Amino acid sequence: MCSLCKNVTEQDPCVICSNPSRDQGIICVVEQPTDVLSIEKTGKFKGVYHVLHGSIDPLNNIGPDEIYINDLVKRVQGTGDSVQEVILATNPNMEGEATAMYITKQVKSQNAKVKITRLAHGLPVGADIEYADEVTLTRALEGRREY
Ligand SMILES: [Zn+2]
């Protein structure tokens, strides 16, 4: 696992985190490693990722401490002004929204200057980022709005 973005990888940091042409100031937050693959396929995203490995799901006893939210907050904090934007690309369902809201609160309390955006709602409600087609994902990325 990559110690920076928590993506599944054999090398640490992973190829995306260690790529100097990727913008370390833009972090795209996703639920699963497979979501990274889907977004990478669009070729439209030049920032880096943060993989949560799940979403907040009270019905299944998954709270914020069960997924990698604290690590994300630390990344935003630790690098100070260098992180400009956090893109919330959690799934457009109840758990994904709850996770996005929680992250927004945490990140803003640590670093109020960070811009937080959410993927545009071209994505069908209840859909998985993982299964979204490239055109839909690209539109969602380009049309992201301040959260
Ligand atoms: Zn990484």
# chains A, B, ... in the order shown; residues from 1 in each chain; ligands from 1
>>> residues_around(residues="range 137-140 of chain A", least_positions_apart="3", cutoff="6 Å", atoms="only C-alpha atoms", output="CSV table (one decimal) with C-alpha atoms, in the first residue's frame")
chain,number,residue,atom,x,y,z
A,119,LEU,CA,-18.0,15.8,-8.7
A,120,ALA,CA,-20.9,17.2,-10.7
A,122,GLY,CA,-23.9,13.9,-14.1
A,134,GLU,CA,-15.4,7.5,-19.2
A,143,GLY,CA,-18.2,20.2,-14.0
>>> residues_around(residues="Asp133 in chain A", least_positions_apart="6", cutoff="10 Å", atoms="only C-alpha atoms", output="ChimeraX atom specification")
/A:38-39,41-42,123
>>> residues_near_ligand(ligand="ligand 1", cutoff="10 Å", atoms="only C-alpha atoms and all ligand atoms", output="list in words")
Met1, Cys2, Ser3, Leu4, Cys5, Lys6, Asn7, Val8, Thr9, Gln11, Asp12, Pro13, Cys14, Val15, Ile16, Cys17, Ser18, Asn19, Val48, Tyr49, His50 and Val51 of chain A
>>> closest_residue(among="A:Gln32, A:Asn91, A:Thr99, A:Gln106", to="Ile62 in chain A", atoms="only C-alpha atoms")
A:Thr99
>>> closest_residue(among="A:Thr90, A:Gln84, A:Gln77, A:Asn61", to="Val29 in chain A", atoms="only C-alpha atoms")
A:Thr90
>>> select_by_dssp(residues="chain A", states="strand (DSSP E)", output="ChimeraX atom specification")
/A:23-30,47-51,85-88,115-118,145-146
>>> closest_residue(among="A:Ser55, A:Ile87, A:Glu95, A:Ile103", to="Arg118 in chain A", atoms="only C-alpha atoms")
A:Ile87
>>> residues_around(residues="Tyr68 in chain A", least_positions_apart="2", cutoff="6 Å", atoms="only C-alpha atoms", output="list of chain:residue names")
A:Leu52, A:Asn70, A:Asp71
>>> closest_residue(among="A:Arg22, A:Ser82, A:Ile56, A:Lys74", to="Gly43 in chain A", atoms="only C-alpha atoms")
A:Arg22
>>> closest_residue(among="A:Lys46, A:Asp23, A:Val73, A:Val30", to="Pro92 in chain A", atoms="only C-alpha atoms")
A:Val30
>>> atom_distance(atom1="CA of Tyr102 in chain A", atom2="CA of Ile69 in chain A")
9.0 Å
>>> select_by_dssp(residues="range 28-104 of chain A", states="alpha helix (DSSP H)", output="number ranges by chain")
A: 33-42, 69-78, 94-104
